[in-house]
Structure formats: structure tokens, C-alpha cells
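Content type mmCIF, C-alpha atoms, from the file start33.cif:
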```cif
data_work
#
loop_
_atom_site.label_atom_id
_atom_site.label_comp_id
_atom_site.auth_asym_id
_atom_site.auth_seq_id
_atom_site.Cartn_x
_atom_site.Cartn_y
_atom_site.Cartn_z
CA MET A 144 -17.38 19.86 -14.13
CA LYS A 145 -13.83 18.53 -14.26
CA ASN A 146 -11.00 19.97 -16.34
CA SER A 147 -8.23 17.79 -17.72
CA LEU A 148 -4.83 19.09 -16.62
CA GLY A 149 -2.81 16.45 -18.48
CA ALA A 150 -0.40 13.77 -17.27
CA LYS A 151 1.26 15.46 -14.30
CA THR A 152 2.55 14.74 -10.79
CA LEU A 153 -0.12 16.66 -8.91
CA VAL A 154 -1.03 15.24 -5.52
CA TYR A 155 -1.98 16.91 -2.27
CA PRO A 156 -0.51 16.79 0.29
CA ALA A 157 3.09 16.10 -0.74
CA PRO A 158 5.69 15.87 2.05
CA VAL A 159 8.90 17.85 2.59
CA PHE A 160 11.65 15.45 3.68
CA VAL A 161 15.36 16.15 4.08
CA ILE A 162 17.49 13.16 3.03
CA GLY A 163 20.78 12.76 4.91
CA THR A 164 23.78 10.81 3.57
CA TYR A 165 27.56 10.66 3.81
CA ASP A 166 29.59 11.09 0.65
CA LYS A 167 32.73 9.12 -0.24
CA MET A 168 34.88 11.43 1.88
CA GLY A 169 32.54 11.11 4.85
CA LYS A 170 31.11 14.61 4.42
CA PRO A 171 27.49 14.81 5.62
CA ASN A 172 25.09 15.96 2.91
CA VAL A 173 21.40 16.83 2.93
CA MET A 174 18.86 17.37 0.16
CA THR A 175 15.14 18.03 0.13
CA ALA A 176 12.73 15.63 -1.57
CA SER A 177 8.95 15.47 -1.94
CA TRP A 178 8.52 12.36 -4.10
CA CYS A 179 8.36 10.13 -1.03
CA GLY A 180 5.96 8.06 1.03
CA ILE A 181 5.61 5.05 3.30
CA CYS A 182 5.39 1.91 1.14
CA CYS A 183 5.19 -1.04 3.56
CA SER A 184 4.18 -1.65 7.19
CA GLN A 185 6.06 -4.95 7.76
CA PRO A 186 8.96 -4.49 7.41
CA PRO A 187 8.42 -0.75 7.88
CA CYS A 188 9.66 0.84 4.65
CA ILE A 189 9.68 4.26 3.04
CA ALA A 190 10.20 5.14 -0.61
CA VAL A 191 12.33 8.13 -1.62
CA SER A 192 12.63 8.94 -5.34
CA LEU A 193 15.62 10.95 -6.54
CA ARG A 194 17.02 12.00 -9.90
CA LYS A 195 20.26 10.28 -10.88
CA ALA A 196 21.89 13.71 -11.20
CA THR A 197 21.68 14.38 -7.47
CA TYR A 198 24.72 13.97 -5.23
CA THR A 199 22.58 12.04 -2.75
CA HIS A 200 21.77 9.38 -5.39
CA GLY A 201 25.40 8.22 -5.52
CA ASN A 202 25.80 8.50 -1.77
CA ILE A 203 22.88 6.16 -1.08
CA LEU A 204 24.17 3.57 -3.55
CA ALA A 205 27.65 3.71 -1.99
CA ARG A 206 26.65 3.67 1.68
CA LYS A 207 23.38 1.69 1.48
CA ALA A 208 21.78 3.99 4.02
CA PHE A 209 20.03 7.34 4.43
CA THR A 210 18.08 9.27 7.01
CA ILE A 211 14.96 11.39 6.69
CA SER A 212 14.90 14.52 8.83
CA ILE A 213 11.44 16.08 8.89
CA PRO A 214 11.63 19.88 9.14
CA SER A 215 9.24 21.92 11.24
CA GLU A 216 7.71 25.21 10.06
CA THR A 217 10.57 27.14 11.65
CA ASN A 218 13.03 25.16 9.47
CA ALA A 219 11.31 26.07 6.18
CA LYS A 220 14.07 28.33 4.82
CA GLU A 221 16.78 25.76 5.53
CA ALA A 222 14.71 22.94 4.04
CA ASP A 223 14.16 25.00 0.89
CA TYR A 224 17.86 25.85 0.68
CA PHE A 225 18.74 22.14 0.84
CA GLY A 226 16.81 21.73 -2.41
CA LEU A 227 18.40 24.71 -4.16
CA THR A 228 22.08 23.75 -4.05
CA SER A 229 24.16 20.62 -4.62
CA GLY A 230 26.37 18.99 -2.02
CA ARG A 231 28.99 18.58 -4.73
CA GLN A 232 29.92 22.25 -4.43
CA THR A 233 28.64 23.17 -0.98
CA ASP A 234 28.63 22.03 2.61
CA LYS A 235 24.98 22.86 3.13
CA LEU A 236 24.95 22.10 6.85
CA MET A 237 27.88 24.41 7.44
CA VAL A 238 26.19 27.21 5.46
CA THR A 239 22.98 26.89 7.47
CA LYS A 240 24.79 26.31 10.78
CA LEU A 241 22.77 23.15 11.38
CA THR A 242 24.32 20.14 13.07
CA PRO A 243 24.85 16.72 11.47
CA VAL A 244 24.58 13.80 13.90
CA GLU A 245 25.60 10.27 12.95
CA GLY A 246 22.66 7.86 12.95
CA GLY A 247 22.62 5.40 15.79
CA ARG A 248 21.45 2.52 13.58
CA VAL A 249 22.65 3.41 10.06
CA ASP A 250 25.67 4.85 8.27
CA ALA A 251 24.09 8.23 7.53
CA PRO A 252 23.74 11.58 9.31
CA TYR A 253 20.60 13.43 10.36
CA VAL A 254 19.83 17.06 11.21
CA LYS A 255 19.93 17.51 14.97
CA GLU A 256 17.70 20.61 15.00
CA PHE A 257 14.79 18.94 13.14
CA PRO A 258 12.12 17.33 15.34
CA LEU A 259 11.55 13.93 13.70
CA ILE A 260 14.09 11.53 12.17
CA LEU A 261 13.83 8.19 10.35
CA GLU A 262 16.97 6.08 10.07
CA CYS A 263 16.80 3.87 6.97
CA LYS A 264 18.79 0.97 5.58
CA LEU A 265 18.64 0.62 1.78
CA ALA A 266 16.41 -2.35 0.93
CA HIS A 267 15.51 -1.97 -2.79
CA VAL A 268 16.44 0.18 -5.79
CA PHE A 269 13.89 0.54 -8.59
CA GLU A 270 14.61 2.42 -11.81
CA LEU A 271 11.42 4.19 -12.89
CA GLY A 272 12.59 6.76 -15.45
CA LEU A 273 13.98 10.18 -14.59
CA HIS A 274 13.79 9.12 -10.94
CA THR A 275 15.23 6.15 -9.08
CA GLU A 276 13.10 4.90 -6.22
CA PHE A 277 15.09 3.98 -3.13
CA VAL A 278 13.15 1.86 -0.64
CA GLY A 279 14.62 2.13 2.83
CA GLU A 280 13.73 -0.10 5.74
CA VAL A 281 13.06 2.09 8.76
CA MET A 282 15.48 0.92 11.48
CA ASP A 283 14.50 3.54 14.05
CA VAL A 284 12.46 6.71 14.50
CA LEU A 285 13.85 9.49 16.67
CA ALA A 286 11.69 12.31 17.98
CA GLU A 287 12.36 15.38 20.10
CA GLU A 288 10.72 14.99 23.49
CA SER A 289 9.04 18.35 22.89
CA VAL A 290 6.90 16.95 20.02
CA LEU A 291 5.54 13.99 22.00
CA ARG A 292 2.21 13.93 23.77
CA ALA A 293 1.93 12.78 27.38
CA ASP A 294 1.13 9.25 26.13
CA GLY A 295 4.39 9.12 24.15
CA ARG A 296 2.75 9.49 20.74
CA LEU A 297 3.81 12.07 18.17
CA ASP A 298 1.76 15.24 18.17
CA ILE A 299 1.51 16.52 14.59
CA GLU A 300 0.51 19.93 15.96
CA LYS A 301 3.89 20.08 17.71
CA VAL A 302 5.93 18.54 14.89
CA LYS A 303 4.42 21.20 12.58
CA PRO A 304 5.63 19.47 9.38
CA LEU A 305 5.62 21.27 6.05
CA VAL A 306 3.20 20.38 3.27
CA PHE A 307 4.32 20.93 -0.32
CA ALA A 308 1.83 21.99 -2.99
CA PRO A 309 3.41 20.81 -6.27
CA ASP A 310 1.47 22.89 -8.81
CA THR A 311 1.98 26.29 -7.23
CA GLN A 312 5.24 25.26 -5.48
CA GLY A 313 4.26 26.57 -2.08
CA TYR A 314 4.85 25.36 1.45
CA TYR A 315 1.95 25.17 3.89
CA GLY A 316 1.50 24.29 7.53
CA ILE A 317 -0.84 21.76 9.12
CA GLY A 318 -4.34 23.02 9.81
CA HIS A 319 -7.08 22.11 12.23
CA PHE A 320 -8.04 18.66 13.50
CA ILE A 321 -10.86 17.18 11.41
CA GLY A 322 -11.58 13.80 12.97
CA ASN A 323 -10.27 10.41 14.05
CA ALA A 324 -9.32 7.88 11.39
CA PHE A 325 -11.00 4.47 11.50
CA SER A 326 -13.75 6.18 13.45
CA ILE A 327 -15.65 9.07 11.81
CA GLY A 328 -16.60 6.82 8.87
CA HIS A 329 -18.84 4.70 11.12
CA ASP A 330 -21.19 7.65 11.10
CA VAL A 331 -21.40 8.00 7.31
CA MET B 706 17.13 15.43 23.30
CA LYS B 707 15.69 12.76 20.99
CA ASN B 708 13.74 9.69 22.08
CA SER B 709 13.89 6.44 20.12
CA LEU B 710 10.39 5.34 19.12
CA GLY B 711 11.51 2.11 17.41
CA ALA B 712 11.18 0.92 13.81
CA LYS B 713 7.82 2.37 12.76
CA THR B 714 6.06 3.99 9.81
CA LEU B 715 5.82 7.49 11.25
CA VAL B 716 5.98 10.29 8.70
CA TYR B 717 4.26 13.64 8.52
CA PRO B 718 2.38 14.56 6.45
CA ALA B 719 0.87 11.32 5.09
CA PRO B 720 -1.79 11.66 2.37
CA VAL B 721 -5.38 10.40 2.25
CA PHE B 722 -6.07 8.95 -1.19
CA VAL B 723 -9.10 6.99 -2.37
CA ILE B 724 -8.15 4.25 -4.83
CA GLY B 725 -10.79 3.42 -7.45
CA THR B 726 -10.99 0.11 -9.34
CA TYR B 727 -13.45 -2.18 -11.07
CA ASP B 728 -13.80 -5.74 -9.83
CA LYS B 729 -14.24 -8.81 -12.05
CA MET B 730 -17.97 -8.15 -12.36
CA GLY B 731 -17.42 -4.52 -13.29
CA LYS B 732 -18.58 -3.22 -9.90
CA PRO B 733 -16.79 0.03 -8.97
CA ASN B 734 -14.89 -0.18 -5.71
CA VAL B 735 -13.04 2.39 -3.63
CA MET B 736 -10.64 2.08 -0.70
CA THR B 737 -8.60 4.60 1.26
CA ALA B 738 -4.81 4.41 1.38
CA SER B 739 -2.10 6.54 2.95
CA TRP B 740 1.06 4.61 2.03
CA CYS B 741 1.37 6.51 -1.24
CA GLY B 742 3.46 9.17 -2.95
CA ILE B 743 4.75 10.45 -6.26
CA CYS B 744 7.75 8.37 -7.32
CA CYS B 745 8.82 9.69 -10.74
CA SER B 746 8.44 12.90 -12.78
CA GLN B 747 9.11 11.43 -16.26
CA PRO B 748 7.06 9.39 -16.89
CA PRO B 749 4.82 10.85 -14.17
CA CYS B 750 4.26 7.99 -11.73
CA ILE B 751 2.68 7.49 -8.32
CA ALA B 752 3.22 4.62 -5.88
CA VAL B 753 0.30 3.11 -3.97
CA SER B 754 1.04 0.35 -1.45
CA LEU B 755 -1.74 -2.07 -0.50
CA ARG B 756 -2.01 -5.23 1.57
CA LYS B 757 -2.63 -8.39 -0.44
CA ALA B 758 -5.76 -8.97 1.63
CA THR B 759 -7.54 -5.94 0.15
CA TYR B 760 -10.15 -6.34 -2.56
CA THR B 761 -8.48 -3.53 -4.52
CA HIS B 762 -5.20 -5.48 -4.71
CA GLY B 763 -6.75 -8.15 -6.92
CA ASN B 764 -8.70 -5.60 -8.92
CA ILE B 765 -5.55 -3.68 -9.88
CA LEU B 766 -3.75 -6.86 -10.95
CA ALA B 767 -6.74 -7.91 -13.07
CA ARG B 768 -7.52 -4.57 -14.70
CA LYS B 769 -4.01 -3.02 -14.76
CA ALA B 770 -5.46 0.34 -13.83
CA PHE B 771 -6.63 2.46 -10.90
CA THR B 772 -7.61 6.00 -10.12
CA ILE B 773 -6.81 8.21 -7.15
CA SER B 774 -9.63 10.46 -5.99
CA ILE B 775 -8.39 13.05 -3.50
CA PRO B 776 -11.05 13.89 -0.92
CA SER B 777 -11.64 17.37 0.38
CA GLU B 778 -12.29 18.17 4.06
CA THR B 779 -16.02 17.88 3.49
CA ASN B 780 -15.50 14.30 2.25
CA ALA B 781 -13.66 13.16 5.41
CA LYS B 782 -16.40 10.85 6.71
CA GLU B 783 -16.80 9.10 3.37
CA ALA B 784 -13.02 8.75 2.92
CA ASP B 785 -12.75 7.21 6.38
CA TYR B 786 -15.64 4.85 5.67
CA PHE B 787 -13.89 3.64 2.50
CA GLY B 788 -11.06 2.41 4.75
CA LEU B 789 -13.33 0.69 7.26
CA THR B 790 -15.17 -1.78 5.03
CA SER B 791 -14.30 -4.17 2.22
CA GLY B 792 -15.74 -4.03 -1.28
CA ARG B 793 -16.12 -7.81 -1.12
CA GLN B 794 -19.22 -7.43 1.04
CA THR B 795 -20.31 -3.88 0.35
CA ASP B 796 -20.99 -1.46 -2.47
CA LYS B 797 -19.34 1.46 -0.69
CA LEU B 798 -20.31 4.05 -3.28
CA MET B 799 -23.95 3.06 -3.06
CA VAL B 800 -23.87 3.26 0.76
CA THR B 801 -22.33 6.76 0.68
CA LYS B 802 -24.45 7.90 -2.26
CA LEU B 803 -21.35 9.00 -4.12
CA THR B 804 -21.08 8.66 -7.89
CA PRO B 805 -18.61 6.44 -9.75
CA VAL B 806 -17.51 7.81 -13.12
CA GLU B 807 -15.53 5.74 -15.61
CA GLY B 808 -12.05 7.14 -16.22
CA GLY B 809 -11.56 8.77 -19.58
CA ARG B 810 -8.08 7.30 -20.02
CA VAL B 811 -8.05 4.12 -17.92
CA ASP B 812 -10.24 1.13 -17.07
CA ALA B 813 -11.08 2.31 -13.55
CA PRO B 814 -13.72 4.53 -11.91
CA TYR B 815 -13.26 7.70 -9.88
CA VAL B 816 -15.44 9.55 -7.36
CA LYS B 817 -17.28 12.35 -9.12
CA GLU B 818 -17.82 14.42 -5.97
CA PHE B 819 -14.11 14.60 -5.05
CA PRO B 820 -12.18 17.63 -6.37
CA LEU B 821 -8.97 16.09 -7.75
CA ILE B 822 -8.47 12.84 -9.69
CA LEU B 823 -5.45 11.00 -11.06
CA GLU B 824 -6.05 8.32 -13.70
CA CYS B 825 -3.27 5.70 -13.56
CA LYS B 826 -2.18 2.80 -15.74
CA LEU B 827 -0.34 0.04 -13.85
CA ALA B 828 3.38 0.24 -14.70
CA HIS B 829 5.18 -1.84 -12.03
CA VAL B 830 4.37 -4.21 -9.17
CA PHE B 831 6.92 -4.56 -6.37
CA GLU B 832 6.50 -7.03 -3.49
CA LEU B 833 7.89 -5.40 -0.34
CA GLY B 834 6.49 -7.54 2.49
CA LEU B 835 3.02 -7.09 3.99
CA HIS B 836 2.38 -4.49 1.29
CA THR B 837 2.61 -4.65 -2.49
CA GLU B 838 3.68 -1.41 -4.13
CA PHE B 839 1.76 -0.60 -7.29
CA VAL B 840 3.41 2.04 -9.46
CA GLY B 841 0.90 3.72 -11.72
CA GLU B 842 1.76 5.97 -14.62
CA VAL B 843 -0.40 9.08 -14.40
CA MET B 844 -2.30 9.28 -17.69
CA ASP B 845 -4.37 12.35 -16.78
CA VAL B 846 -5.24 14.63 -13.89
CA LEU B 847 -8.81 15.90 -13.57
CA ALA B 848 -9.73 18.83 -11.36
CA GLU B 849 -12.96 20.58 -10.50
CA GLU B 850 -13.00 24.06 -11.99
CA SER B 851 -13.81 25.39 -8.54
CA VAL B 852 -10.37 24.36 -7.15
CA LEU B 853 -8.37 26.09 -9.88
CA ARG B 854 -6.86 29.54 -9.59
CA ALA B 855 -7.35 32.15 -12.31
CA ASP B 856 -4.05 31.02 -13.92
CA GLY B 857 -5.32 27.43 -14.21
CA ARG B 858 -3.14 26.05 -11.42
CA LEU B 859 -4.48 23.99 -8.53
CA ASP B 860 -5.18 25.96 -5.37
CA ILE B 861 -4.42 23.73 -2.38
CA GLU B 862 -6.50 26.08 -0.22
CA LYS B 863 -9.50 25.23 -2.40
CA VAL B 864 -8.74 21.51 -2.80
CA LYS B 865 -8.54 21.32 1.04
CA PRO B 866 -6.96 17.85 1.03
CA LEU B 867 -6.80 15.75 4.18
CA VAL B 868 -3.55 15.09 6.01
CA PHE B 869 -3.23 11.82 7.94
CA ALA B 870 -1.21 11.68 11.17
CA PRO B 871 -0.20 8.00 11.48
CA ASP B 872 0.76 7.80 15.16
CA THR B 873 -2.40 9.33 16.60
CA GLN B 874 -4.55 8.33 13.60
CA GLY B 875 -6.12 11.72 13.10
CA TYR B 876 -7.13 13.70 10.02
CA TYR B 877 -6.07 17.34 9.71
CA GLY B 878 -6.63 20.13 7.23
CA ILE B 879 -4.10 22.28 5.42
CA GLY B 880 -2.89 25.31 7.35
CA HIS B 881 -1.47 28.69 6.44
CA PHE B 882 0.88 29.54 3.57
CA ILE B 883 4.50 29.51 4.75
CA GLY B 884 6.53 30.43 1.68
CA ASN B 885 7.44 29.71 -1.92
CA ALA B 886 9.51 26.61 -2.70
CA PHE B 887 12.75 27.08 -4.63
CA SER B 888 12.67 30.64 -3.35
CA ILE B 889 12.71 31.25 0.43
CA GLY B 890 15.93 29.24 0.78
CA HIS B 891 17.87 31.91 -1.14
CA ASP B 892 17.52 34.03 1.99
CA VAL B 893 18.92 31.42 4.38
#
```

Encoding of this model in C-alpha cells:
Amino acid sequence: MKNSLGAKTLVYPAPVFVIGTYDKMGKPNVMTASWCGICCSQPPCIAVSLRKATYTHGNILARKAFTISIPSETNAKEADYFGLTSGRQTDKLMVTKLTPVEGGRVDAPYVKEFPLILECKLAHVFELGLHTEFVGEVMDVLAEESVLRADGRLDIEKVKPLVFAPDTQGYYGIGHFIGNAFSIGHDV
Amino acid sequence: MKNSLGAKTLVYPAPVFVIGTYDKMGKPNVMTASWCGICCSQPPCIAVSLRKATYTHGNILARKAFTISIPSETNAKEADYFGLTSGRQTDKLMVTKLTPVEGGRVDAPYVKEFPLILECKLAHVFELGLHTEFVGEVMDVLAEESVLRADGRLDIEKVKPLVFAPDTQGYYGIGHFIGNAFSIGHDV
């Protein structure tokens, strides 16, 4: 038996991404966003939707670039803080004592202490309503050596990314391995 | 120390969504997609990116509607199977013995046995490269009573959605509760 919950933005899992930009004065700013996802494989692109009221919105339009720093479980408080305050009033990186590093490929800063970084060049801007969708072409992915497996691939159990549950507004960790994609379905 | 992994689509967590459509003959079809995410709060919208080669791509353009059925851990094999085969040759729901149900609000079917459903009306189509991004306006969310908390909100620990790890192509479950969003950052 299914209950109707109405027209809402309820999907599971939602990600927790920290968007890095420079403002007009060159000050690094970060904000947390969950209305995001990969949207193309070739060219590799990711969509990040932001309200026009955010400081980051103007920064992306001005600089045509942003980064995504993916926080680990141990960065949960900082990631939440980045969504609580505006870069207009606050230097959030200074408050949290985290370190902005200029992207190697794009005109935007990332968070040094976070394990996984995407450097993105603005490719498209779509107005959808309350949110603007920014599509960034991924120019490079940077990962801490400590979150790589021996074969050079990313180990999600070492990245320990956060999962956001929209309805109850909670953060969760990644759980146990369930099976290999493009594989376990052969046995259906 | 960060290693450059190149320009790739590596984000964590990525979702596992099953996209439901009718084809020209009215046959229900389902396929699995991970390049998806919420992209607007008002109107509530979700982005689903698909390759032009998929059967679902043509179905969405023809019917202007799709559903998203979110599989639980126990549905992992079926969800993986839906990404391994094409609806051109196969009736995937018949093979898996799962039940298509016509959406109450849109001209598209969902998977009865999956715990959480979004019914979407096609709002925008953006060509990004290999993938086309379909933006659907969420017309209704349906949830099994068994995944709701006493206060009527969705319990992610009962939904037990799958998380996809793109680089190693594995499925994972949801882990432990870490903290409340818009809350734990006050204590940074």
C-alpha cells in the first residue's frame, strides 16, 4: 500500500557536495549543496543547482568555474556549517580553519582537507525556477592517495562520503557492500 | 597529497534510480540510471540523464512523462538487471516478475514492489553530449507505509536505498546516522 506524500523533492540517496568559488575580490568561498548529480559522460559533466540568493550563484556566473569538494564523515560539522552561513558576511574557511587551494585547471578554490575534488568549468546555465542549474564540465578529479585502492581506483569505503536524507534532514554514512554493478543482475 | 585522476565522472554517493516509461505500444519499460539528481525545489524537479541509444530516451520524448522507482537493498539484483538489458528486446518486468502500475498523475508506469516512487512530467530537455538531460517536474511522491516513520516522514533506514560507487562499480547500503543537517554545523 503506497501513500501519496505530494509533489516534493524526496530522493535517496542525495549527495553532500561543497561548492568552491572565488568572489569578485578573490576571496575563496564554499557552500554546501545537495541538488546535484552527474549529467553527462562525454564530455564529463556535473549539474549543481543553486538558489539565486546564494553568494556562490553570482561567483559562478562571474568566474565561469567552480569546484566540488566531497567531505568525508569526519568533515560533517564543517560541511553542515558551510550550508548555514553566507559568504557575504563570513569567511567560512577561516572560521573552520580549513585550507583553500587554487584549482590547477580552473579559476576556483577547493578544500585541501577533503578527500575528493572535482574541478569544473561552467558549460551551461539553465533557469528552472527557484534554482538555477549550473552544468560544469569536469576538467580534473583530484583524490587523496589515502582513499585510493592498490589498483588506483577510488575506494568509497575510504572516501566515506556523506549521504543526505532530505525528508528528515539527516546525514548518514556509507554502509556495507551489496554487490557489483553490471554483474549481479545476470543472476536475476 | 592529491593525485590527479583525469577528467572523469567520479562522485560519491551516486544514486540508483529505476526509470519507468511506456513505449509506443503501451508496454511498460524500466531502466536503471545513476546520472540523476534533484535540480529545483520550486517547482520540484529532478534531472535524469540518458544516452540517446536507450529505449527509455525515445519513450520519454514520446510520452512526456516518466517515473522514478527507488529500489531497496533487497531489489539490488533486479535493479542491476534493468541496466543490463534493453526494453527493445525484452519485457524486463515480466522476466523479473515485478509489477508495473500506472502512475496516478502521469502517463508512465512504476514498480509496485519498490518502496519509493516519484511521478514526473517532462519539463525540459537539454542536450549535453553523449547524454540528454531530462528534467521532470515531480507531480507526486508515493511511499510504502512500511518506510514511513510515525510522524509520516520517510525513514532512510527503512527505505534502504542503494548507493552506486562509479569508479569501482559497486552497490552499497546506507550506513549509520552521523548528525542532523542545518544543526551540527552550529557547533563547528

Using all atoms listed in the file, find the residues of chain B whose closest atom to chain A is at most 6 Å away, then write them as a PyMOL selection string. chain B and resi 706-714+718+720+740-745+747+749+754+782-783+785-786+834-836+843-849+874-886+889-890+893

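CA of Val254 (chain A) sits 20.5 Å away from CA of Leu204 (chain A).
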
List the residues selected by the PyMOL selection byres ((chain B and resi 805) around 9) in the file shown, writing them as a ChimeraX atom specification. /B:725,733-734,798,803-804,806-807,814-818

Report the distance between CA of Thr199 (chain A) and CA of Met174 (chain A) in Å, rounded to one decimal place. 7.1 Å

Here is a test: counting all atoms listed in the file, which residue of A:Ala196, A:Val249, A:Asp294, A:Lys301 is nearest to Tyr165 (chain A)? A:Val249

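The gap separating CA of Ala767 (chain B) from CA of Met799 (chain B) is 22.7 Å, in Å to one decimal.
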
Nearest residue to Ser791 (chain B) out of B:Ala855, B:Val735, B:Leu827, B:Val723, using all atoms listed in the file? B:Val735

May I ask you to restore all heavy atoms in region 874-884 of chain B and write the result as a PDB file, in the coordinates of the input?
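Final output, selection_3.pdb:
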```pdb
ATOM      1  N   GLN B 874      -3.458   8.685  14.503  1.00  0.00           N
ATOM      2  CA  GLN B 874      -4.550   8.330  13.600  1.00  0.00           C
ATOM      3  C   GLN B 874      -5.634   9.406  13.532  1.00  0.00           C
ATOM      4  O   GLN B 874      -6.832   9.122  13.695  1.00  0.00           O
ATOM      5  CB  GLN B 874      -5.143   6.976  14.009  1.00  0.00           C
ATOM      6  CG  GLN B 874      -4.054   5.882  14.010  1.00  0.00           C
ATOM      7  CD  GLN B 874      -4.598   4.495  13.865  1.00  0.00           C
ATOM      8  OE1 GLN B 874      -5.674   4.187  14.356  1.00  0.00           O
ATOM      9  NE2 GLN B 874      -3.882   3.645  13.168  1.00  0.00           N
ATOM     10  N   GLY B 875      -5.182  10.614  13.280  1.00  0.00           N
ATOM     11  CA  GLY B 875      -6.120  11.720  13.100  1.00  0.00           C
ATOM     12  C   GLY B 875      -6.030  12.301  11.702  1.00  0.00           C
ATOM     13  O   GLY B 875      -5.021  12.148  11.007  1.00  0.00           O
ATOM     14  N   TYR B 876      -7.119  12.942  11.276  1.00  0.00           N
ATOM     15  CA  TYR B 876      -7.130  13.700  10.020  1.00  0.00           C
ATOM     16  C   TYR B 876      -7.020  15.183  10.350  1.00  0.00           C
ATOM     17  O   TYR B 876      -7.667  15.676  11.291  1.00  0.00           O
ATOM     18  CB  TYR B 876      -8.427  13.478   9.245  1.00  0.00           C
ATOM     19  CG  TYR B 876      -8.683  12.063   8.807  1.00  0.00           C
ATOM     20  CD1 TYR B 876      -9.827  11.394   9.221  1.00  0.00           C
ATOM     21  CD2 TYR B 876      -7.804  11.402   7.956  1.00  0.00           C
ATOM     22  CE1 TYR B 876     -10.084  10.087   8.810  1.00  0.00           C
ATOM     23  CE2 TYR B 876      -8.060  10.092   7.543  1.00  0.00           C
ATOM     24  CZ  TYR B 876      -9.198   9.447   7.974  1.00  0.00           C
ATOM     25  OH  TYR B 876      -9.457   8.159   7.569  1.00  0.00           O
ATOM     26  N   TYR B 877      -6.238  15.894   9.543  1.00  0.00           N
ATOM     27  CA  TYR B 877      -6.070  17.340   9.710  1.00  0.00           C
ATOM     28  C   TYR B 877      -6.276  18.020   8.363  1.00  0.00           C
ATOM     29  O   TYR B 877      -6.148  17.392   7.307  1.00  0.00           O
ATOM     30  CB  TYR B 877      -4.657  17.653  10.226  1.00  0.00           C
ATOM     31  CG  TYR B 877      -4.467  17.247  11.673  1.00  0.00           C
ATOM     32  CD1 TYR B 877      -4.179  15.917  12.009  1.00  0.00           C
ATOM     33  CD2 TYR B 877      -4.637  18.169  12.701  1.00  0.00           C
ATOM     34  CE1 TYR B 877      -4.051  15.538  13.328  1.00  0.00           C
ATOM     35  CE2 TYR B 877      -4.499  17.785  14.029  1.00  0.00           C
ATOM     36  CZ  TYR B 877      -4.211  16.468  14.332  1.00  0.00           C
ATOM     37  OH  TYR B 877      -4.094  16.087  15.651  1.00  0.00           O
ATOM     38  N   GLY B 878      -6.537  19.315   8.429  1.00  0.00           N
ATOM     39  CA  GLY B 878      -6.630  20.130   7.230  1.00  0.00           C
ATOM     40  C   GLY B 878      -5.286  20.738   6.883  1.00  0.00           C
ATOM     41  O   GLY B 878      -4.277  20.513   7.554  1.00  0.00           O
ATOM     42  N   ILE B 879      -5.289  21.524   5.823  1.00  0.00           N
ATOM     43  CA  ILE B 879      -4.100  22.280   5.420  1.00  0.00           C
ATOM     44  C   ILE B 879      -4.125  23.630   6.126  1.00  0.00           C
ATOM     45  O   ILE B 879      -5.185  24.264   6.224  1.00  0.00           O
ATOM     46  CB  ILE B 879      -4.101  22.488   3.888  1.00  0.00           C
ATOM     47  CG1 ILE B 879      -3.967  21.137   3.166  1.00  0.00           C
ATOM     48  CG2 ILE B 879      -2.983  23.447   3.460  1.00  0.00           C
ATOM     49  CD1 ILE B 879      -2.660  20.419   3.396  1.00  0.00           C
ATOM     50  N   GLY B 880      -2.972  24.053   6.616  1.00  0.00           N
ATOM     51  CA  GLY B 880      -2.890  25.310   7.350  1.00  0.00           C
ATOM     52  C   GLY B 880      -2.479  26.488   6.487  1.00  0.00           C
ATOM     53  O   GLY B 880      -2.749  26.520   5.280  1.00  0.00           O
ATOM     54  N   HIS B 881      -1.795  27.416   7.098  1.00  0.00           N
ATOM     55  CA  HIS B 881      -1.470  28.690   6.440  1.00  0.00           C
ATOM     56  C   HIS B 881      -0.296  28.536   5.465  1.00  0.00           C
ATOM     57  O   HIS B 881       0.520  27.639   5.583  1.00  0.00           O
ATOM     58  CB  HIS B 881      -1.155  29.748   7.495  1.00  0.00           C
ATOM     59  CG  HIS B 881       0.045  29.407   8.319  1.00  0.00           C
ATOM     60  ND1 HIS B 881       0.050  28.391   9.253  1.00  0.00           N
ATOM     61  CD2 HIS B 881       1.296  29.939   8.347  1.00  0.00           C
ATOM     62  CE1 HIS B 881       1.241  28.313   9.825  1.00  0.00           C
ATOM     63  NE2 HIS B 881       2.022  29.233   9.294  1.00  0.00           N
ATOM     64  N   PHE B 882      -0.223  29.455   4.535  1.00  0.00           N
ATOM     65  CA  PHE B 882       0.880  29.540   3.570  1.00  0.00           C
ATOM     66  C   PHE B 882       2.146  29.945   4.312  1.00  0.00           C
ATOM     67  O   PHE B 882       2.139  30.891   5.100  1.00  0.00           O
ATOM     68  CB  PHE B 882       0.533  30.555   2.491  1.00  0.00           C
ATOM     69  CG  PHE B 882       1.642  30.795   1.506  1.00  0.00           C
ATOM     70  CD1 PHE B 882       1.935  29.842   0.525  1.00  0.00           C
ATOM     71  CD2 PHE B 882       2.388  31.969   1.541  1.00  0.00           C
ATOM     72  CE1 PHE B 882       2.946  30.069  -0.398  1.00  0.00           C
ATOM     73  CE2 PHE B 882       3.408  32.192   0.624  1.00  0.00           C
ATOM     74  CZ  PHE B 882       3.688  31.244  -0.346  1.00  0.00           C
ATOM     75  N   ILE B 883       3.244  29.219   4.056  1.00  0.00           N
ATOM     76  CA  ILE B 883       4.500  29.510   4.750  1.00  0.00           C
ATOM     77  C   ILE B 883       5.501  30.208   3.839  1.00  0.00           C
ATOM     78  O   ILE B 883       6.208  31.123   4.265  1.00  0.00           O
ATOM     79  CB  ILE B 883       5.093  28.215   5.336  1.00  0.00           C
ATOM     80  CG1 ILE B 883       4.195  27.753   6.498  1.00  0.00           C
ATOM     81  CG2 ILE B 883       6.531  28.419   5.805  1.00  0.00           C
ATOM     82  CD1 ILE B 883       4.565  26.429   7.095  1.00  0.00           C
ATOM     83  N   GLY B 884       5.572  29.790   2.577  1.00  0.00           N
ATOM     84  CA  GLY B 884       6.530  30.430   1.680  1.00  0.00           C
ATOM     85  C   GLY B 884       6.597  29.706   0.355  1.00  0.00           C
ATOM     86  O   GLY B 884       6.009  28.636   0.190  1.00  0.00           O
TER      87      GLY B 884
END
```
